[in-house]
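Have a look at the structure below before the remarks.
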Amino acid sequence: MAVQKLTIAKALNDSLRKALEEDPKVLIMGEDVGKLGGVFRITDGLQKDFGEERVIDTPLAESGIVGTAIGLALRGYRPVVEIQFDGFVFPAYDQIVTQLAKMHARSLGKIKMPVVIRIPYAGGIGAVEHHSESPETLFAHVPGLKVVSPSNASDAYWMLQQAILSDDPVIFFEPKRRYWDKGEVDVEAIPDALHASRVARAGTDITLAAYGPMVKVCLEAAAAAAEEGKSVEVLDLRSMSPVDFDGIQASVEKTRRLVVVHEAPVFLGVGSEIAARITERCFYHLEAPVLRVGGYHAPYPPARLEDEYLPGLDRVLDAVDRSLAY
Amino acid sequence: MTVESTAARKPRRSGTKRPAGAASAAKPAAATAKTHDAEPQLVQLLTPEGVRVDVAENPDVAEFAPFVADITTDDLRGLYRDMVMTRRFDGEATALQRQGELGLWASLLGQEAAQIGSGRALRDDDYVFPTYREHGVAWCRGVDPTNLLGMFRGVNHGGWDPTTNNFHLYTIVIGSQTLHATGYAMGVAKDGADSAVIAYFGDGASSQGDVAEAFTFSAVYNSPVVFFCQNNQWAISEPTERQMRVPLYQRAQGFGFPGVRVDGNDVLACLAVTRWALERARRGEGPTLVEAFTYRMGAHTTSDDPTKYRRDEETAAWEAKDPILRLKAHLLATGGADEAYFAELEVESEALGKRVREVVRSMPDPDTMAIFENVYADGHALVDEERAQFAAYLASFEGGE
Ligand SMILES: Cc1ncc(C[n+]2csc(CCOP(=O)(O)OP(=O)(O)O)c2C)c(N)n1
């Protein structure tokens with residue numbers, strides 16, 4: 001059957017399986033990805049079926065994981081590496097930023113770097129520190145990297161395929177608190193382009209732009225606002241580098257109001273860039289300044305405070321009200 | 001004394017006689033041999049049956065035995081008590097996690113001897129850099145065990161002042177703290193003090209670049225630091241052979257300092273070897289790597305499922321080497337303690353369990369505004385602005401509804 005109802009986790013697993021089947025050069029690498037199937041079981045069963053040469057349990061060393069993935073890519077492989085949690089990518093940050101991102105440019109375009117770095121990211125699962133962070137801006141700021149995040153099972157399935165097929169390095173942020181959300185996946189569909197935004201809910205009064213875990217919150221906010229007679233459009237950005245500014249512009253020209261929502265700190269975040277660009281592009285269309293809702297300029301708090309820290313329905317609706325009040 | 005000459009005197013350590021099996025490690029062709037199942041050579045002073053090892057018949061332990069020559073029966077009972085209390089605390093925390101009172105728990109079950117032996121070797125002015133499982137070391141440092149639970153409950157990121165007990169905050173990013181320990185030790189040396197520093201980490205952690213860099217710095221600066229690796233055989237699902245091809249303690253050789261493998265389930269041997277290593281540090285002889293060969297009896301953490309990757313027989317084999325039972329056997333056989341003593345201890349450990357339960361259940365959630373506290377020491381305009389906005393936002397609810 002072409003259309004299946006899958007959790008995001010299962011969609012990612014199926015996607016990896018398909019990639020391994022279709023291209024013998026695709027490799028999975030990371031800590032605990034083999035027998036255990038990863039701490040979130042995203043690689044469950046893959047080592048059993050594809051062997052230890054394709055699905056590789058690595059030593060506990062993130063710089064090593066990414067650095068060797070670069071070498072494997074130089075040799076013609078397409079490594080898909082898993083970083084166990086968001087906060088553990090930093091030992092590999094040097095390799096990602098100084099090497100992976102720049103190899104193509106430095107080689108005058110001769111070398112391709114088809115490396116995908118999967119990172120379960122963001123909060124909401126009650127974890128201890130370093131397990132809930134949203135570091136996407138730190139990657140989106142780096143030229144040479146593509147940065148994406150799916151918000152639903154279909155995108156999880158297709159965007160991961162597309163990321164693996166891409167000849168550029170892709171940082172693939174998986175919203176870990178949504179792993180168990182189910183959605184329909186049409187495995188024979190023609191997917192949207194990897195970097196196209198998608199209208200998740202059409203509306204006319206205001207646009208909410210989000211990606212990853214916050215899309216669901218924005219959809220809930222839009223449903224709540226509808227009960228008050230407000231028509232909210234929700235845009236799933238899907239990609240943080242590049243950003244689909246044309247898609248956002250089209251929506252804003254219709255609704256004339258924009259709120260960008262993400263879990264990452266607001267200061268210098270993806271929302272800041274979108275606010276600046278959309279202000280340039282849509283100055284005469286806007287009825288209100290572009291607002292941002294997100295995390296604070298503070299370390300991600302202990303789990304008992306994360307509900308206060310993370311943008312929830314009320315904070316998004318509050319921003320909607322503030323925008324509409326202009 | 002140079003590092004080389006120190007290393008050259010020591011038996012059973014890197015830089016000297018080859019331990020059995022090391023010859024094969026030298027040949028790349030044989031490097032596929034599993035180090036994991038091999039019976040390692042260990043410094044052992046108390047057998048799994050609870051019998052003191054005869055030093056005269058085991059010259060290899062002769063160098064370490066003197067470091068516990070002063071240990072009295074009272075001391076042995078003290079070590080026993082530490083292990084029992086720590087295990088009780090750990091068991092209670094595991095139960096509290098199951099009851100939903102903690103978000104997560106990293107159990108030390110099986111590693112009591114490694115932690116208590118090394119922890120009791122320390123002086124008050126020594127400094128400890130733990131990872132996230134060092135509940136027994138914390139106990140030895142006098143950190144109230146309930147303070148360890150805050151971060152696992154999700155109310156803070158570390159519930160104690162590290163400077164009170166010279167016990168640093170738990171470090172979750174694997175391997176980072178080994179560099180902090182090294183830097184601290186460099187500072188100790190610069191100050192001309194004779195205290196020592198100890199860094200705890202796991203077998204998996206030894207793969208991290210940070211740990212290699214800590215070895216490099218400590219060797220180059222001859223820093224008074226002891227690297228105490230609890231090789232509990234597993235890094236979540238990955239066995240040690242996924243991290244290394246030579247016995248872990250031998251790594252020290254390549255960096256120019258000695259490494260020792262000690263029976264991590266033998267509290268006496270852990271005490272002796274750690275004291276020995278600390279003494280070297282104090283004398284200005286630089287770093288040491290101690291590999292405590294032990295076993296993680298439980299899951300990696302409460303969110304882990306070890307049945308996915310390890311065999312029951314392996315766990316059963318390690319049960320027979322239980323650190324607490326072996327000291328109990330010894331105390332009973334030598335008349336060092338009687339059943340009344342053990343019963344009394346049982347009562348005491350129950351009381352600890354009860355206190356832990358009560359404290360955790362009444363642990364308050366942090367104030368919401370704590371999000372904005374201590375972000376900077378000097379204060380920061382953006383934080384002030386966001387704090388004010390957030391306060392206004394919260395107030396709008398109370399007023400509006
Ligand atoms: C840099 C980093 N990568 C990954 C993790 C996730 N993680 C937490 S504990 C662990 C295994 C650690 O094994 P080991 O060092 O042997 O210590 P043990 O937990 O067995 O005591 C992993 C992979 C982490 N905390 N930090």
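Ordering of the structure tokens sets the chain letters (A, B, ...); residue numbers start at 1 within each chain; ligands are numbered from 1 in the order shown.
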Contact residues around range 172-178 of chain B with only C-alpha atoms at 6 Å, ignoring same-chain residues under 4 positions, as a VMD selection string: chain B and resid 199 205 210 to 211 214
Within-8 Å residues of ligand 1, basis only C-alpha atoms and all ligand atoms, as number ranges by chain: A: 31-32, 60-62, 83-85, 87-91, 130; B: 106, 131-133, 172-176, 201-206, 208, 230-236, 240, 296, 300-301
Taking only C-alpha atoms into account, find every residue of chain A that has an atom no more than 10 Å from chain B, and write it out as a short mmCIF file (atom, residue, chain, number, x, y, z; two decimals) with N, CA and C atoms, in the first residue's frame.
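Below you can see part_23.cif, which holds the result:
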data_model
loop_
_atom_site.label_atom_id
_atom_site.label_comp_id
_atom_site.auth_asym_id
_atom_site.auth_seq_id
_atom_site.Cartn_x
_atom_site.Cartn_y
_atom_site.Cartn_z
N GLU A 31 26.82 6.31 17.61
CA GLU A 31 26.89 5.58 18.88
C GLU A 31 25.60 4.81 19.08
N ASP A 32 25.71 3.54 19.33
CA ASP A 32 24.55 2.69 19.67
C ASP A 32 23.56 2.50 18.52
N VAL A 33 23.94 2.81 17.29
CA VAL A 33 22.98 2.69 16.19
C VAL A 33 22.79 1.23 15.75
N GLY A 34 23.71 0.35 16.16
CA GLY A 34 23.65 -1.03 15.69
C GLY A 34 22.66 -1.89 16.43
N LYS A 35 23.18 -2.70 17.34
CA LYS A 35 22.32 -3.64 18.06
C LYS A 35 21.15 -2.97 18.75
N LEU A 36 21.45 -1.88 19.40
CA LEU A 36 20.40 -1.19 20.14
C LEU A 36 19.40 -0.51 19.21
N GLY A 37 19.86 -0.15 18.03
CA GLY A 37 18.98 0.57 17.10
C GLY A 37 18.86 2.04 17.46
N GLY A 38 19.88 2.55 18.16
CA GLY A 38 19.85 3.96 18.56
C GLY A 38 19.03 4.13 19.83
N VAL A 39 19.33 5.17 20.60
CA VAL A 39 18.60 5.36 21.85
C VAL A 39 17.12 5.68 21.60
N ASP A 57 28.39 0.77 14.44
CA ASP A 57 28.52 1.30 15.80
C ASP A 57 29.90 1.93 15.93
N THR A 58 29.93 3.19 16.26
CA THR A 58 31.23 3.89 16.33
C THR A 58 31.70 4.01 17.76
N PRO A 59 32.98 4.24 17.95
CA PRO A 59 33.44 4.64 19.29
C PRO A 59 32.72 5.91 19.75
N LEU A 60 32.78 6.12 21.06
CA LEU A 60 32.06 7.26 21.66
C LEU A 60 32.88 8.53 21.44
N ALA A 61 32.79 9.08 20.23
CA ALA A 61 33.65 10.20 19.88
C ALA A 61 33.03 10.96 18.71
N GLU A 62 32.39 12.07 19.00
CA GLU A 62 31.64 12.76 17.95
C GLU A 62 32.55 13.39 16.91
N SER A 63 33.67 13.94 17.32
CA SER A 63 34.59 14.50 16.33
C SER A 63 35.06 13.38 15.41
N GLY A 64 35.30 12.24 16.00
CA GLY A 64 35.69 11.06 15.21
C GLY A 64 34.61 10.63 14.24
N GLY A 87 22.85 18.26 22.46
CA GLY A 87 23.95 18.85 23.22
C GLY A 87 25.28 18.16 23.01
N PHE A 88 25.28 17.05 22.29
CA PHE A 88 26.53 16.29 22.11
C PHE A 88 27.14 16.49 20.73
N VAL A 89 26.58 17.44 19.98
CA VAL A 89 27.13 17.67 18.65
C VAL A 89 28.39 18.53 18.73
N PHE A 90 28.57 19.20 19.87
CA PHE A 90 29.65 20.19 19.90
C PHE A 90 31.06 19.62 19.83
N PRO A 91 31.32 18.45 20.39
CA PRO A 91 32.65 17.89 20.12
C PRO A 91 32.91 17.74 18.62
N ALA A 92 31.85 17.62 17.82
CA ALA A 92 32.01 17.47 16.37
C ALA A 92 31.89 18.81 15.64
N ILE A 125 10.76 16.65 26.56
CA ILE A 125 10.70 15.25 26.97
C ILE A 125 11.17 15.04 28.42
N GLY A 126 11.35 16.13 29.15
CA GLY A 126 11.70 16.01 30.56
C GLY A 126 13.10 15.46 30.81
N ALA A 127 14.02 15.76 29.93
CA ALA A 127 15.37 15.18 30.04
C ALA A 127 16.28 16.03 30.93
N VAL A 128 17.45 15.46 31.25
CA VAL A 128 18.47 16.24 31.96
C VAL A 128 19.20 17.14 30.96
N GLU A 129 20.12 17.95 31.48
CA GLU A 129 20.71 18.98 30.61
C GLU A 129 21.46 18.38 29.40
N HIS A 130 21.59 19.20 28.39
CA HIS A 130 22.23 18.84 27.11
C HIS A 130 21.38 17.89 26.25
N HIS A 131 20.15 17.61 26.67
CA HIS A 131 19.30 16.69 25.91
C HIS A 131 18.08 17.40 25.31
N PHE A 267 16.98 35.60 20.40
CA PHE A 267 18.08 36.50 20.08
C PHE A 267 18.99 35.90 19.01
N GLY A 295 12.69 30.74 22.62
CA GLY A 295 13.37 30.57 23.90
C GLY A 295 14.04 31.87 24.34
N TYR A 296 14.46 31.88 25.59
CA TYR A 296 15.07 33.06 26.18
C TYR A 296 16.58 33.00 26.09
N HIS A 297 17.18 34.13 26.39
CA HIS A 297 18.64 34.19 26.41
C HIS A 297 19.12 33.63 27.75
N ALA A 298 18.91 32.36 27.90
CA ALA A 298 19.22 31.67 29.16
C ALA A 298 19.48 30.21 28.81
N PRO A 299 20.30 29.53 29.60
CA PRO A 299 20.51 28.11 29.33
C PRO A 299 19.18 27.37 29.39
N TYR A 300 19.06 26.32 28.61
CA TYR A 300 17.83 25.53 28.66
C TYR A 300 17.63 25.09 30.12
N PRO A 301 16.45 25.34 30.67
CA PRO A 301 16.27 25.16 32.11
C PRO A 301 16.11 23.69 32.49
N PRO A 302 16.17 23.39 33.80
CA PRO A 302 15.85 22.04 34.25
C PRO A 302 14.44 21.64 33.82
N ALA A 303 14.24 20.34 33.71
CA ALA A 303 13.01 19.83 33.10
C ALA A 303 11.73 20.40 33.71
N ARG A 304 11.76 20.64 35.03
CA ARG A 304 10.53 21.10 35.68
C ARG A 304 10.12 22.51 35.24
N LEU A 305 11.02 23.19 34.54
CA LEU A 305 10.68 24.53 34.07
C LEU A 305 10.51 24.60 32.57
N GLU A 306 10.65 23.46 31.90
CA GLU A 306 10.68 23.58 30.44
C GLU A 306 9.33 23.99 29.86
N ASP A 307 8.25 23.66 30.56
CA ASP A 307 6.94 24.09 30.04
C ASP A 307 6.81 25.62 30.05
N GLU A 308 7.49 26.23 30.97
CA GLU A 308 7.47 27.70 31.02
C GLU A 308 8.39 28.28 29.95
N TYR A 309 9.47 27.57 29.73
CA TYR A 309 10.49 28.06 28.79
C TYR A 309 10.05 27.90 27.35
N ASP A 314 -0.41 29.33 24.64
CA ASP A 314 -0.73 30.67 25.15
C ASP A 314 0.25 31.72 24.66
N ARG A 315 1.51 31.37 24.64
CA ARG A 315 2.49 32.38 24.20
C ARG A 315 2.34 32.68 22.72
N ASP A 318 -0.78 34.77 22.38
CA ASP A 318 -0.49 36.12 22.87
C ASP A 318 0.17 36.95 21.77
#
Contact residues around Asp246 in chain A with only C-alpha atoms at 9 Å, ignoring same-chain residues under 4 positions, as a ChimeraX atom specification: /A:197,250-251
Restricted to N, CA, C and O atoms, what would the selected residues look like written as a PDB file, in the first residue's frame?
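For reference, result.pdb as written:
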ATOM      1  N   SER A 197       8.886  25.716   1.703  1.00  0.00           N
ATOM      2  CA  SER A 197       7.976  25.741   2.846  1.00  0.00           C
ATOM      3  C   SER A 197       6.637  25.179   2.388  1.00  0.00           C
ATOM      4  O   SER A 197       6.389  25.009   1.191  1.00  0.00           O
ATOM      5  N   ALA A 250       4.909  35.218   0.061  1.00  0.00           N
ATOM      6  CA  ALA A 250       3.595  35.001  -0.550  1.00  0.00           C
ATOM      7  C   ALA A 250       2.507  34.960   0.519  1.00  0.00           C
ATOM      8  O   ALA A 250       1.437  35.557   0.371  1.00  0.00           O
ATOM      9  N   SER A 251       2.820  34.282   1.612  1.00  0.00           N
ATOM     10  CA  SER A 251       1.843  34.181   2.688  1.00  0.00           C
ATOM     11  C   SER A 251       1.604  35.537   3.345  1.00  0.00           C
ATOM     12  O   SER A 251       0.463  35.931   3.608  1.00  0.00           O
TER      13      SER A 251
END
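Close contacts of Asp125 in chain B, defined as residues with an atom at most 9 Å away when counting only C-alpha atoms, with chain neighbours fewer than 4 positions off set aside, comprise Asn165, Asn166, Asp194, Ser195 and Ala196 of chain B.
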Every residue of range 112-355 of chain B that DSSP places in strand (DSSP E), as an MDAnalysis selection string: chainID B and resid 127:129 197:202 225:231 234:235 238:239 259:263 288:293
CA of Asp236 in chain A to CA of Ser151 in chain A, distance in Å rounded to a single decimal: 7.7 Å
Who sits within 7 Å of range 202-205 of chain A, only C-alpha atoms, same chain under 5 positions skipped, as JSON, numbers by chain: {"A": [230, 231, 232, 233, 234, 254, 255]}
Test item, alpha helix (DSSP H) assignment across range 34-236 of chain A, answer as number ranges by chain: A: 46-50, 62-74, 93-94, 103-106, 136-140, 153-165, 214-227
Surrounding residues of Pro289 in chain A excluding itself and chain neighbours under 5 positions, 12 Å, only C-alpha atoms, as an MDAnalysis selection string: chainID A and resid 206 252 256:260 272 274:280 282:284 319:320 322:326
Selection: 8 Å around range 168-182 of chain A, only C-alpha atoms, excl. self and same-chain fewer than 5 positions, as JSON, numbers by chain: {"A": [5, 6, 7, 8, 9, 100, 101, 112, 113, 114, 115, 116, 117, 118, 119, 120, 121, 122, 123, 124, 125, 136, 139, 144, 145, 146, 147, 148, 149, 150, 151, 152, 153, 160, 163, 212, 213]}
For Asp263 in chain B, the nearest of the candidates B:Lys321, B:Arg81, B:Arg123, B:Arg52, counting only C-alpha atoms: B:Lys321
